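Engineer: My file is entry-v5.cif. It has mmCIF, C-alpha atoms:
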data_structure
#
loop_
_atom_site.group_PDB
_atom_site.id
_atom_site.type_symbol
_atom_site.label_atom_id
_atom_site.label_comp_id
_atom_site.auth_asym_id
_atom_site.auth_seq_id
_atom_site.Cartn_x
_atom_site.Cartn_y
_atom_site.Cartn_z
ATOM 1 C CA MET N 1 -179.055 -64.735 184.463
ATOM 2 C CA PRO N 2 -175.908 -65.864 186.161
ATOM 3 C CA GLU N 3 -175.367 -64.548 189.631
ATOM 4 C CA ASN N 4 -172.521 -62.035 189.984
ATOM 5 C CA ARG N 5 -170.232 -63.331 192.741
ATOM 6 C CA PRO N 6 -167.126 -61.535 194.057
ATOM 7 C CA PRO N 7 -163.760 -63.132 193.075
ATOM 8 C CA ALA N 8 -162.149 -65.480 195.595
ATOM 9 C CA PRO N 9 -159.179 -64.047 197.468
ATOM 10 C CA VAL N 10 -155.690 -65.201 196.241
ATOM 11 C CA ARG N 11 -153.683 -66.909 198.931
ATOM 12 C CA PRO N 12 -149.919 -66.346 198.903
ATOM 13 C CA ALA N 13 -147.755 -69.383 198.165
ATOM 14 C CA PRO N 14 -146.006 -70.798 201.253
ATOM 15 C CA ALA N 15 -142.331 -69.997 201.565
ATOM 16 C CA ARG N 16 -139.971 -72.739 200.430
ATOM 17 C CA THR N 17 -137.724 -74.088 203.073
ATOM 18 C CA PRO N 18 -134.274 -75.174 201.748
ATOM 19 C CA GLY N 19 -133.644 -78.754 202.543
ATOM 20 C CA ARG N 20 -131.351 -81.657 201.647
ATOM 21 C CA ARG N 21 -132.344 -83.965 198.883
ATOM 22 C CA ARG N 22 -132.456 -87.566 199.940
ATOM 23 C CA GLU N 23 -131.158 -90.209 197.632
ATOM 24 C CA ALA N 24 -133.087 -93.396 197.309
ATOM 25 C CA PRO N 25 -131.086 -96.434 198.394
ATOM 26 C CA ARG N 26 -129.805 -98.651 195.657
ATOM 27 C CA ARG N 27 -131.610 -101.881 194.994
ATOM 28 C CA ARG N 28 -129.598 -105.043 195.192
ATOM 29 C CA SER N 29 -129.912 -107.497 192.342
ATOM 30 C CA GLY N 30 -131.846 -110.624 193.198
ATOM 31 C CA GLY N 31 -133.200 -109.280 196.499
ATOM 32 C CA THR N 32 -136.193 -107.543 197.891
ATOM 33 C CA PRO N 33 -136.233 -103.763 197.451
ATOM 34 C CA PRO N 34 -135.401 -101.826 200.608
ATOM 35 C CA PRO N 35 -138.253 -100.044 202.318
ATOM 36 C CA GLN N 36 -138.886 -96.527 201.012
ATOM 37 C CA ALA N 37 -138.495 -93.708 203.495
ATOM 38 C CA PRO N 38 -141.648 -91.698 203.992
ATOM 39 C CA VAL N 39 -141.751 -88.474 201.958
ATOM 40 C CA ASP N 40 -142.257 -85.280 203.914
ATOM 41 C CA ALA N 41 -145.330 -83.654 202.414
ATOM 42 C CA ASN N 42 -144.413 -80.212 203.868
ATOM 43 C CA TRP N 43 -140.905 -80.120 202.221
ATOM 44 C CA THR N 44 -140.531 -77.645 199.379
ATOM 45 C CA PRO N 45 -137.414 -76.689 197.362
ATOM 46 C CA GLY N 46 -135.594 -73.506 198.475
ATOM 47 C CA PRO N 47 -135.015 -70.430 196.383
ATOM 48 C CA ARG N 48 -132.353 -70.570 193.651
ATOM 49 C CA ARG N 49 -129.083 -68.893 194.591
ATOM 50 C CA ILE N 50 -127.622 -66.530 192.063
ATOM 51 C CA PHE N 51 -123.846 -65.816 192.133
ATOM 52 C CA SER N 52 -122.460 -62.579 190.822
ATOM 53 C CA ASP N 53 -119.742 -62.603 188.142
ATOM 54 C CA GLU N 54 -116.176 -61.883 189.271
ATOM 55 C CA GLN N 55 -113.405 -60.823 186.922
ATOM 56 C CA VAL N 56 -110.330 -63.075 187.206
ATOM 57 C CA TRP N 57 -108.212 -62.060 184.246
ATOM 58 C CA PRO N 58 -106.978 -59.547 183.392
ATOM 59 C CA PRO N 59 -106.607 -58.262 186.950
ATOM 60 C CA VAL N 60 -108.927 -55.513 188.097
ATOM 61 C CA PRO N 61 -107.113 -52.154 188.238
ATOM 62 C CA LYS N 62 -106.016 -51.239 191.733
ATOM 63 C CA PRO N 63 -108.055 -48.565 193.407
ATOM 64 C CA ALA N 64 -106.317 -45.378 194.366
ATOM 65 C CA GLY N 65 -104.488 -45.541 197.676
ATOM 66 C CA GLU N 66 -104.137 -49.326 197.769
ATOM 67 C CA PRO N 67 -100.854 -50.350 199.520
ATOM 68 C CA PRO N 68 -98.167 -52.153 197.460
ATOM 69 C CA GLY N 69 -98.234 -55.935 197.474
ATOM 70 C CA ALA N 70 -102.031 -56.151 197.531
ATOM 71 C CA SER N 71 -102.334 -57.330 193.940
ATOM 72 C CA THR N 72 -104.620 -60.232 193.161
ATOM 73 C CA GLN N 73 -102.262 -61.604 190.494
ATOM 74 C CA PRO N 74 -101.113 -65.226 190.960
ATOM 75 C CA PHE N 75 -97.448 -64.188 191.232
ATOM 76 C CA PRO N 76 -97.183 -60.657 192.657
ATOM 77 C CA ALA N 77 -94.023 -58.698 192.008
ATOM 78 C CA VAL N 78 -91.757 -58.468 195.046
ATOM 79 C CA PRO N 79 -90.168 -55.026 195.405
ATOM 80 C CA GLY N 80 -86.449 -54.969 196.201
ATOM 81 C CA PRO N 81 -83.264 -52.934 195.833
ATOM 82 C CA PRO N 82 -81.814 -52.650 192.315
ATOM 83 C CA LEU N 83 -79.074 -55.079 191.336
ATOM 84 C CA PRO N 84 -75.476 -53.779 191.130
ATOM 85 C CA ARG N 85 -74.495 -52.535 187.716
ATOM 86 C CA PRO N 86 -71.880 -54.727 185.977
ATOM 87 C CA VAL N 87 -68.523 -53.096 185.502
ATOM 88 C CA THR N 88 -67.017 -53.109 182.030
ATOM 89 C CA PRO N 89 -63.823 -51.566 180.685
ATOM 90 C CA GLY N 90 -64.314 -47.845 180.188
ATOM 91 C CA THR N 91 -66.757 -47.353 183.095
ATOM 92 C CA PRO N 92 -66.443 -43.836 184.504
ATOM 93 C CA GLY N 93 -65.366 -43.367 188.114
ATOM 94 C CA ILE N 94 -63.127 -46.437 188.491
ATOM 95 C CA LEU N 95 -59.336 -46.327 188.489
ATOM 96 C CA GLY N 96 -57.677 -47.993 185.572
ATOM 97 C CA ALA N 97 -60.997 -48.693 183.854
ATOM 98 C CA GLY N 98 -60.067 -47.385 180.450
ATOM 99 C CA SER N 99 -60.339 -44.379 178.278
ATOM 100 C CA GLY N 100 -63.198 -41.917 178.411
ATOM 101 C CA ALA N 101 -63.638 -42.102 182.208
ATOM 102 C CA ALA N 102 -63.802 -38.338 182.818
ATOM 103 C CA ALA N 103 -66.082 -35.853 181.105
ATOM 104 C CA GLY N 104 -63.689 -34.898 178.342
ATOM 105 C CA THR N 105 -60.963 -36.560 176.410
ATOM 106 C CA GLY N 106 -58.670 -37.528 179.372
ATOM 107 C CA THR N 107 -58.461 -40.961 180.965
ATOM 108 C CA ALA N 108 -59.508 -41.946 184.465
ATOM 109 C CA ALA N 109 -55.896 -41.952 185.625
ATOM 110 C CA GLU N 110 -55.489 -38.349 184.387
ATOM 111 C CA ALA N 111 -58.752 -37.163 185.967
ATOM 112 C CA ALA N 112 -58.684 -35.202 189.171
ATOM 113 C CA PRO N 113 -59.341 -37.092 192.413
ATOM 114 C CA GLY N 114 -62.417 -35.019 193.056
ATOM 115 C CA ASP N 115 -63.943 -36.021 189.697
ATOM 116 C CA ARG N 116 -63.834 -39.792 190.444
ATOM 117 C CA ALA N 117 -66.970 -41.393 191.827
ATOM 118 C CA PRO N 118 -66.509 -43.674 194.865
ATOM 119 C CA ALA N 119 -66.515 -47.373 193.919
ATOM 120 C CA THR N 120 -68.923 -49.740 195.664
ATOM 121 C CA PRO N 121 -67.639 -53.067 197.153
ATOM 122 C CA GLU N 122 -69.279 -54.986 194.330
ATOM 123 C CA GLU N 123 -67.586 -52.842 191.692
ATOM 124 C CA ALA N 124 -64.231 -53.085 193.453
ATOM 125 C CA ALA N 125 -64.474 -56.882 193.623
ATOM 126 C CA ALA N 126 -65.463 -57.086 189.973
ATOM 127 C CA SER N 127 -62.631 -54.796 188.874
ATOM 128 C CA ALA N 128 -59.956 -56.610 190.933
ATOM 129 C CA PRO N 129 -57.483 -58.573 188.778
ATOM 130 C CA VAL N 130 -58.257 -62.292 188.595
ATOM 131 C CA PRO N 131 -55.269 -64.391 189.775
ATOM 132 C CA PRO N 132 -54.063 -66.929 187.223
ATOM 133 C CA PRO N 133 -55.152 -70.546 187.931
ATOM 134 C CA ARG N 134 -52.557 -72.740 189.626
ATOM 135 C CA ARG N 135 -51.030 -75.316 187.391
ATOM 136 C CA ARG N 136 -51.213 -78.642 189.229
ATOM 137 C CA THR N 137 -51.469 -80.928 186.244
ATOM 138 C CA ALA N 138 -48.423 -82.977 187.218
ATOM 139 C CA LEU N 139 -49.685 -83.420 190.780
ATOM 140 C CA ARG N 140 -53.141 -84.496 189.595
ATOM 141 C CA VAL N 141 -51.707 -86.927 187.065
ATOM 142 C CA GLY N 142 -49.382 -88.381 189.693
ATOM 143 C CA GLY N 143 -52.251 -88.800 192.155
ATOM 144 C CA ALA N 144 -54.397 -90.506 189.507
ATOM 145 C CA VAL N 145 -51.571 -92.895 188.575
ATOM 146 C CA LEU N 146 -50.947 -93.695 192.244
ATOM 147 C CA ALA N 147 -54.652 -94.352 192.875
ATOM 148 C CA VAL N 148 -54.855 -96.683 189.867
ATOM 149 C CA ALA N 149 -51.687 -98.498 190.957
ATOM 150 C CA VAL N 150 -53.020 -99.022 194.478
ATOM 151 C CA ALA N 151 -56.465 -100.102 193.233
ATOM 152 C CA MET N 152 -54.925 -102.670 190.892
ATOM 153 C CA GLY N 153 -51.934 -103.652 193.024
ATOM 154 C CA ILE N 154 -53.755 -104.719 196.192
ATOM 155 C CA PRO N 155 -56.047 -107.303 194.504
ATOM 156 C CA THR N 156 -53.093 -108.530 192.432
ATOM 157 C CA TRP N 157 -50.958 -109.003 195.540
ATOM 158 C CA HIS N 158 -53.729 -110.865 197.358
ATOM 159 C CA GLY N 159 -54.225 -113.091 194.320
ATOM 160 C CA TYR N 160 -50.485 -113.778 194.133
ATOM 161 C CA VAL N 161 -50.304 -114.661 197.836
ATOM 162 C CA PHE N 162 -53.312 -116.979 197.479
ATOM 163 C CA TYR N 163 -51.737 -118.642 194.427
ATOM 164 C CA ARG N 164 -48.420 -119.085 196.201
ATOM 165 C CA SER N 165 -50.161 -120.612 199.221
ATOM 166 C CA GLY N 166 -51.102 -123.585 197.015
ATOM 167 C CA ASN N 167 -48.248 -123.322 194.507
ATOM 168 C CA PRO N 168 -45.157 -122.093 196.342
ATOM 169 C CA ALA N 169 -42.008 -121.101 194.517
ATOM 170 C CA TYR N 170 -40.006 -124.257 195.227
ATOM 171 C CA GLN N 171 -36.304 -124.076 196.042
ATOM 172 C CA VAL N 172 -34.800 -127.261 194.645
ATOM 173 C CA HIS N 173 -31.677 -128.769 196.210
ATOM 174 C CA THR N 174 -30.149 -131.401 193.914
ATOM 175 C CA VAL N 175 -28.594 -134.525 195.475
ATOM 176 C CA ALA N 176 -26.299 -136.779 193.469
ATOM 177 C CA ALA N 177 -27.129 -140.460 192.998
ATOM 178 C CA GLY N 178 -26.524 -142.316 196.285
ATOM 179 C CA GLY N 179 -25.901 -139.060 198.170
ATOM 180 C CA THR N 180 -27.518 -137.546 201.282
ATOM 181 C CA GLY N 181 -29.431 -134.271 201.468
ATOM 182 C CA THR N 182 -29.892 -132.189 204.621
ATOM 183 C CA LEU N 183 -32.752 -129.819 205.367
ATOM 184 C CA MET N 184 -34.081 -128.415 208.673
ATOM 185 C CA ASN N 185 -31.634 -130.471 210.815
ATOM 186 C CA VAL N 186 -32.693 -133.757 209.177
ATOM 187 C CA ALA N 187 -30.564 -135.895 206.814
ATOM 188 C CA TRP N 188 -32.403 -137.654 203.960
ATOM 189 C CA LYS N 189 -31.327 -140.550 201.747
ATOM 190 C CA VAL N 190 -33.198 -142.370 198.941
ATOM 191 C CA GLY N 191 -32.807 -145.844 197.409
ATOM 192 C CA VAL N 192 -34.808 -147.151 194.368
ATOM 193 C CA GLU N 193 -35.307 -150.746 193.098
ATOM 194 C CA GLN N 194 -37.298 -152.113 190.135
ATOM 195 C CA THR N 195 -39.523 -155.174 190.307
ATOM 196 C CA ASP N 196 -42.147 -156.891 188.156
ATOM 197 C CA SER N 197 -44.567 -157.714 190.972
ATOM 198 C CA LEU N 198 -45.325 -156.954 194.597
ATOM 199 C CA PRO N 199 -46.810 -159.270 197.253
ATOM 200 C CA GLY N 200 -50.599 -158.822 197.272
ATOM 201 C CA ALA N 201 -50.548 -156.340 194.367
ATOM 202 C CA ARG N 202 -52.590 -156.759 191.185
ATOM 203 C CA PRO N 203 -50.895 -157.979 187.977
ATOM 204 C CA ILE N 204 -49.443 -155.223 185.827
ATOM 205 C CA LYS N 205 -49.012 -154.783 182.064
ATOM 206 C CA ALA N 206 -45.929 -155.949 180.233
ATOM 207 C CA ASP N 207 -44.752 -152.369 179.615
ATOM 208 C CA GLN N 208 -44.971 -151.334 183.308
ATOM 209 C CA ARG N 209 -42.650 -151.657 186.287
ATOM 210 C CA TRP N 210 -42.992 -151.328 190.037
ATOM 211 C CA LEU N 211 -40.543 -149.050 191.879
ATOM 212 C CA LYS N 212 -39.717 -149.846 195.495
ATOM 213 C CA ILE N 213 -38.449 -146.638 197.074
ATOM 214 C CA LYS N 214 -36.874 -146.433 200.550
ATOM 215 C CA VAL N 215 -36.639 -142.939 202.036
ATOM 216 C CA THR N 216 -34.540 -142.780 205.216
ATOM 217 C CA ARG N 217 -34.598 -139.814 207.592
ATOM 218 C CA THR N 218 -32.096 -139.186 210.401
ATOM 219 C CA SER N 219 -32.536 -136.407 212.962
ATOM 220 C CA LEU N 220 -29.264 -134.589 213.539
ATOM 221 C CA ASN N 221 -30.327 -132.861 216.804
ATOM 222 C CA THR N 222 -33.377 -132.070 218.946
ATOM 223 C CA GLU N 223 -34.701 -129.615 216.385
ATOM 224 C CA GLY N 224 -34.641 -132.429 213.824
ATOM 225 C CA VAL N 225 -36.738 -134.567 216.185
ATOM 226 C CA ILE N 226 -39.280 -131.771 216.488
ATOM 227 C CA ARG N 227 -39.540 -131.674 212.667
ATOM 228 C CA ARG N 228 -41.035 -135.154 212.601
ATOM 229 C CA GLY N 229 -43.933 -134.474 210.201
ATOM 230 C CA ASP N 230 -44.346 -136.880 207.266
ATOM 231 C CA PRO N 231 -42.755 -135.612 204.034
ATOM 232 C CA GLU N 232 -44.268 -135.507 200.549
ATOM 233 C CA ILE N 233 -42.623 -138.007 198.168
ATOM 234 C CA LYS N 234 -43.000 -137.657 194.394
ATOM 235 C CA VAL N 235 -41.714 -139.565 191.351
ATOM 236 C CA LYS N 236 -40.978 -137.339 188.328
ATOM 237 C CA HIS N 237 -39.292 -137.533 184.972
ATOM 238 C CA PRO N 238 -36.951 -134.747 183.805
ATOM 239 C CA ASP N 239 -39.460 -133.855 181.075
ATOM 240 C CA GLY N 240 -42.074 -132.920 183.733
ATOM 241 C CA ARG N 241 -44.214 -136.069 183.859
ATOM 242 C CA ALA N 242 -45.114 -137.400 187.322
ATOM 243 C CA TRP N 243 -46.560 -140.624 188.767
ATOM 244 C CA GLN N 244 -48.508 -141.374 191.909
ATOM 245 C CA THR N 245 -46.745 -142.776 194.978
ATOM 246 C CA GLU N 246 -48.041 -144.598 198.041
ATOM 247 C CA VAL N 247 -46.424 -145.049 201.462
ATOM 248 C CA VAL N 248 -46.772 -148.721 202.376
ATOM 249 C CA ASP N 249 -45.317 -148.484 205.897
ATOM 250 C CA LYS N 250 -42.862 -146.492 208.011
ATOM 251 C CA SER N 251 -40.644 -147.204 211.023
ATOM 252 C CA LEU N 252 -40.969 -143.758 212.606
ATOM 253 C CA PRO N 253 -41.868 -144.090 216.343
ATOM 254 C CA VAL N 254 -45.369 -143.048 217.317
ATOM 255 C CA GLU N 255 -44.260 -141.344 220.527
ATOM 256 C CA VAL N 256 -41.956 -138.366 220.314
ATOM 257 C CA LYS N 257 -39.995 -139.540 223.342
ATOM 258 C CA ASP N 258 -39.029 -142.728 221.490
ATOM 259 C CA HIS N 259 -37.524 -140.772 218.606
ATOM 260 C CA LYS N 260 -33.721 -140.908 218.911
ATOM 261 C CA VAL N 261 -31.173 -138.487 217.509
ATOM 262 C CA GLY N 262 -28.791 -140.041 214.954
ATOM 263 C CA VAL N 263 -31.030 -143.073 214.280
ATOM 264 C CA GLY N 264 -32.432 -143.599 210.774
ATOM 265 C CA TYR N 265 -36.150 -144.277 210.239
ATOM 266 C CA ASP N 266 -37.510 -145.532 206.892
ATOM 267 C CA TYR N 267 -40.513 -144.759 204.698
ATOM 268 C CA ASN N 268 -41.303 -147.616 202.294
ATOM 269 C CA VAL N 269 -42.925 -146.230 199.123
ATOM 270 C CA VAL N 270 -44.116 -147.866 195.877
ATOM 271 C CA SER N 271 -44.920 -146.382 192.475
ATOM 272 C CA LEU N 272 -46.006 -147.833 189.115
ATOM 273 C CA VAL N 273 -44.229 -146.298 186.092
ATOM 274 C CA PRO N 274 -43.729 -147.193 182.396
ATOM 275 C CA GLU N 275 -40.886 -149.628 181.735
ATOM 276 C CA GLN N 276 -39.084 -147.284 179.321
ATOM 277 C CA VAL N 277 -38.604 -144.593 182.023
ATOM 278 C CA ALA N 278 -38.183 -146.846 185.055
ATOM 279 C CA SER N 279 -34.424 -146.175 185.150
ATOM 280 C CA GLU N 280 -34.733 -142.443 184.410
ATOM 281 C CA VAL N 281 -37.282 -141.195 186.920
ATOM 282 C CA GLU N 282 -36.126 -139.132 189.905
ATOM 283 C CA VAL N 283 -37.436 -138.864 193.451
ATOM 284 C CA GLU N 284 -38.442 -135.586 195.106
ATOM 285 C CA VAL N 285 -38.742 -135.252 198.888
ATOM 286 C CA LEU N 286 -40.530 -132.247 200.434
ATOM 287 C CA PRO N 287 -39.799 -132.220 204.198
ATOM 288 C CA SER N 288 -42.657 -131.110 206.434
ATOM 289 C CA THR N 289 -42.403 -127.781 208.278
ATOM 290 C CA ILE N 290 -44.651 -128.935 211.172
ATOM 291 C CA ARG N 291 -43.035 -128.691 214.614
ATOM 292 C CA VAL N 292 -44.162 -131.283 217.162
ATOM 293 C CA PRO N 293 -43.284 -130.523 220.823
ATOM 294 C CA LEU N 294 -41.189 -133.057 222.727
ATOM 295 C CA GLU N 295 -43.606 -133.175 225.670
ATOM 296 C CA GLU N 296 -47.360 -133.175 225.919
ATOM 297 C CA GLU N 297 -48.672 -129.613 226.103
ATOM 298 C CA SER N 298 -51.991 -128.251 227.238
ATOM 299 C CA VAL N 299 -54.575 -126.793 224.903
ATOM 300 C CA GLU N 300 -53.767 -123.270 226.103
ATOM 301 C CA ASP N 301 -50.050 -123.723 225.351
ATOM 302 C CA LEU N 302 -50.901 -125.235 221.984
ATOM 303 C CA PHE N 303 -53.011 -122.220 220.955
ATOM 304 C CA LYS N 304 -50.446 -119.826 222.392
ATOM 305 C CA ARG N 305 -47.655 -121.423 220.386
ATOM 306 C CA ALA N 306 -49.808 -121.526 217.240
ATOM 307 C CA GLY N 307 -50.549 -117.798 217.624
ATOM 308 C CA THR N 308 -46.921 -116.727 218.096
ATOM 309 C CA GLU N 309 -45.208 -119.227 215.832
ATOM 310 C CA LYS N 310 -44.633 -118.129 212.263
ATOM 311 C CA THR N 311 -45.927 -120.497 209.597
ATOM 312 C CA GLU N 312 -43.149 -121.607 207.276
ATOM 313 C CA PRO N 313 -43.897 -122.315 203.619
ATOM 314 C CA GLN N 314 -43.231 -125.876 202.490
ATOM 315 C CA ASP N 315 -41.089 -124.846 199.544
ATOM 316 C CA GLN N 316 -37.779 -126.689 200.189
ATOM 317 C CA VAL N 317 -37.302 -129.696 197.860
ATOM 318 C CA LEU N 318 -34.632 -132.384 197.755
ATOM 319 C CA LEU N 319 -34.208 -133.817 194.239
ATOM 320 C CA PHE N 320 -32.435 -137.213 194.203
ATOM 321 C CA ARG N 321 -30.825 -138.115 190.894
ATOM 322 C CA ARG N 322 -30.685 -141.695 189.534
#
Could you show the structure in this file as structure tokens?

Structural biologist:
Amino acid sequence: MPENRPPAPVRPAPARTPGRRREAPRRRSGGTPPPQAPVDANWTPGPRRIFSDEQVWPPVPKPAGEPPGASTQPFPAVPGPPLPRPVTPGTPGILGAGSGAAAGTGTAAEAAPGDRAPATPEEAAASAPVPPPRRRTALRVGGAVLAVAVAMGIPTWHGYVFYRSGNPAYQVHTVAAGGTGTLMNVAWKVGVEQTDSLPGARPIKADQRWLKIKVTRTSLNTEGVIRRGDPEIKVKHPDGRAWQTEVVDKSLPVEVKDHKVGVGYDYNVVSLVPEQVASEVEVEVLPSTIRVPLEEESVEDLFKRAGTEKTEPQDQVLLFRR
């Protein structure tokens, strides 16, 4: 017979202590695995937390006595004063509003003063007559035209001034053959000769000719001596063709003090032109506008004079006929 033994007592399970789960470190490829942390034998998972359901939408009805503005809606309604009522023709209580203003068949103008309702500032402003817009079309058009003219005129003027700085509007003074021309207190005279060859020059073609040009300048007074800058000398045909010139030598003194009034000084110039126009070409002389002082001046006086002296355009031309 088996022996009847009492049942063993049931021990309660130990309470689970909530803890933090530890993640095992990652193992690197191609290396030794990191050492494993010792596992706590007394650690047990904690009890499972249960969250109660909460109604989000539609909103839960407000309990009785809850103050306004305590709604749980995402965008609660903000209480405020009512907006002013728009005024339309025929609104009762406003002067001149239209027919049917009083309780009856009469108009607002015929109603008794005591029957009219007081108008609010908003209603009075809305019912005020709107002034007609000012007609400034001509002024606006004129301002637009002026702005366009200024915007286009200033760059055009600057471009014209820049163009004229390199291409001035020349004022041509014609001198008869063998005559003398005077500009800026200096008298100018030109003589032209033809030749087949020049000493030390290269041989030329059969249809070409050398021109030996002598330009003589004579200062008429002290101002003419000051205008001692070298002129520009050109050889041109009446049809507009031009040929290069070269100053071979000049007899103008180097020192200003040696320059005498009434004495002629020569510029010897040569030019190579076609034989068929050798007797038709004309000589142009553009006197220089540079002013050279009679005495040596310091650097300060030089800059002072350059700052106060007006630059003259080199646009005066003497045209000597043949």

Engineer: Which value, in Å to one decimal, gives the distance between atom CA of N:Lys236 and atom CA of N:Asp196?

Structural biologist: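 We find that atom CA of N:Lys236 and atom CA of N:Asp196 lie 19.6 Å from each other.
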
Engineer: Could you write out as JSON the box around stretch 249-252 of chain N (axis-aligned, all atoms listed in the file, 3 Å on each side), with centre and edge lengths in Å to one decimal?

Structural biologist:
{"center_x": -43.0, "center_y": -146.1, "center_z": 209.3, "size_x": 10.7, "size_y": 10.7, "size_z": 12.7}

Engineer: Taking the file above as input, evaluate the PyMOL selection byres ((chain N and resi 255) around 12) and report the hits as a PyMOL selection string.

Structural biologist: chain N and resi 225-226+228+251-254+256-260+292-296

Engineer: For the PyMOL selection byres ((chain N and resi 237) around 8), applied here, can you spell out every residue it catches as a PyMOL selection string?

Structural biologist: chain N and resi 235-236+238-242+277+280-282

Engineer: So what does the PyMOL selection byres ((chain N and resi 188) around 9) actually pick up in this one, as a PyMOL selection string?

Structural biologist: chain N and resi 179-183+186-187+189-190+215-218+285+318

Engineer: Measuring between all atoms listed in the file, which one of N:Thr289, N:Val317, N:Tyr267, N:Asn42 shows the shortest distance to N:Ala169?

Structural biologist: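 Counting all atoms listed in the file, the residue closest to N:Ala169 is N:Val317.
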
Engineer: Between atom CA of N:Ser288 and atom CA of N:Glu232, what distance in Å does the model show, to one decimal?

Structural biologist: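 So the answer is 7.5 Å.
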
Engineer: Between atom CA of N:Pro168 and atom CA of N:Pro313, what is the spacing in Å?

Structural biologist: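 Separation between atom CA of N:Pro313 and atom CA of N:Pro168: 7.4 Å.
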
Engineer: Could you add whatever atoms are missing so that stretch 225-236 of chain N carries N, CA, C and O atoms, then write the result as a PDB file, in the coordinates of the input?

Structural biologist:
ATOM      1  N   VAL N 225     -35.693-133.705 215.620  1.00  0.00           N
ATOM      2  CA  VAL N 225     -36.738-134.567 216.185  1.00  0.00           C
ATOM      3  C   VAL N 225     -38.077-133.839 216.179  1.00  0.00           C
ATOM      4  O   VAL N 225     -39.129-134.441 215.920  1.00  0.00           O
ATOM      5  N   ILE N 226     -38.036-132.546 216.487  1.00  0.00           N
ATOM      6  CA  ILE N 226     -39.280-131.771 216.488  1.00  0.00           C
ATOM      7  C   ILE N 226     -39.891-131.713 215.082  1.00  0.00           C
ATOM      8  O   ILE N 226     -41.109-131.751 214.922  1.00  0.00           O
ATOM      9  N   ARG N 227     -39.045-131.704 214.041  1.00  0.00           N
ATOM     10  CA  ARG N 227     -39.540-131.674 212.667  1.00  0.00           C
ATOM     11  C   ARG N 227     -39.835-133.112 212.206  1.00  0.00           C
ATOM     12  O   ARG N 227     -39.266-133.609 211.250  1.00  0.00           O
ATOM     13  N   ARG N 228     -40.757-133.749 212.855  1.00  0.00           N
ATOM     14  CA  ARG N 228     -41.035-135.154 212.601  1.00  0.00           C
ATOM     15  C   ARG N 228     -42.272-135.366 211.735  1.00  0.00           C
ATOM     16  O   ARG N 228     -42.806-136.469 211.666  1.00  0.00           O
ATOM     17  N   GLY N 229     -42.772-134.324 211.076  1.00  0.00           N
ATOM     18  CA  GLY N 229     -43.933-134.474 210.201  1.00  0.00           C
ATOM     19  C   GLY N 229     -43.596-135.309 208.973  1.00  0.00           C
ATOM     20  O   GLY N 229     -42.450-135.335 208.498  1.00  0.00           O
ATOM     21  N   ASP N 230     -44.572-136.036 208.447  1.00  0.00           N
ATOM     22  CA  ASP N 230     -44.346-136.880 207.266  1.00  0.00           C
ATOM     23  C   ASP N 230     -44.076-136.013 206.041  1.00  0.00           C
ATOM     24  O   ASP N 230     -44.778-135.041 205.789  1.00  0.00           O
ATOM     25  N   PRO N 231     -43.075-136.393 205.237  1.00  0.00           N
ATOM     26  CA  PRO N 231     -42.755-135.612 204.034  1.00  0.00           C
ATOM     27  C   PRO N 231     -43.668-135.991 202.870  1.00  0.00           C
ATOM     28  O   PRO N 231     -44.411-136.972 202.914  1.00  0.00           O
ATOM     29  N   GLU N 232     -43.605-135.183 201.815  1.00  0.00           N
ATOM     30  CA  GLU N 232     -44.268-135.507 200.549  1.00  0.00           C
ATOM     31  C   GLU N 232     -43.222-136.126 199.624  1.00  0.00           C
ATOM     32  O   GLU N 232     -42.141-135.562 199.422  1.00  0.00           O
ATOM     33  N   ILE N 233     -43.555-137.282 199.032  1.00  0.00           N
ATOM     34  CA  ILE N 233     -42.623-138.007 198.168  1.00  0.00           C
ATOM     35  C   ILE N 233     -43.249-138.114 196.779  1.00  0.00           C
ATOM     36  O   ILE N 233     -44.392-138.566 196.638  1.00  0.00           O
ATOM     37  N   LYS N 234     -42.511-137.670 195.763  1.00  0.00           N
ATOM     38  CA  LYS N 234     -43.000-137.657 194.394  1.00  0.00           C
ATOM     39  C   LYS N 234     -42.006-138.352 193.469  1.00  0.00           C
ATOM     40  O   LYS N 234     -40.799-138.355 193.729  1.00  0.00           O
ATOM     41  N   VAL N 235     -42.525-138.943 192.398  1.00  0.00           N
ATOM     42  CA  VAL N 235     -41.714-139.565 191.351  1.00  0.00           C
ATOM     43  C   VAL N 235     -41.949-138.774 190.070  1.00  0.00           C
ATOM     44  O   VAL N 235     -43.075-138.677 189.593  1.00  0.00           O
ATOM     45  N   LYS N 236     -40.868-138.197 189.511  1.00  0.00           N
ATOM     46  CA  LYS N 236     -40.978-137.339 188.328  1.00  0.00           C
ATOM     47  C   LYS N 236     -39.912-137.702 187.305  1.00  0.00           C
ATOM     48  O   LYS N 236     -38.847-138.218 187.649  1.00  0.00           O
TER      49      LYS N 236
END
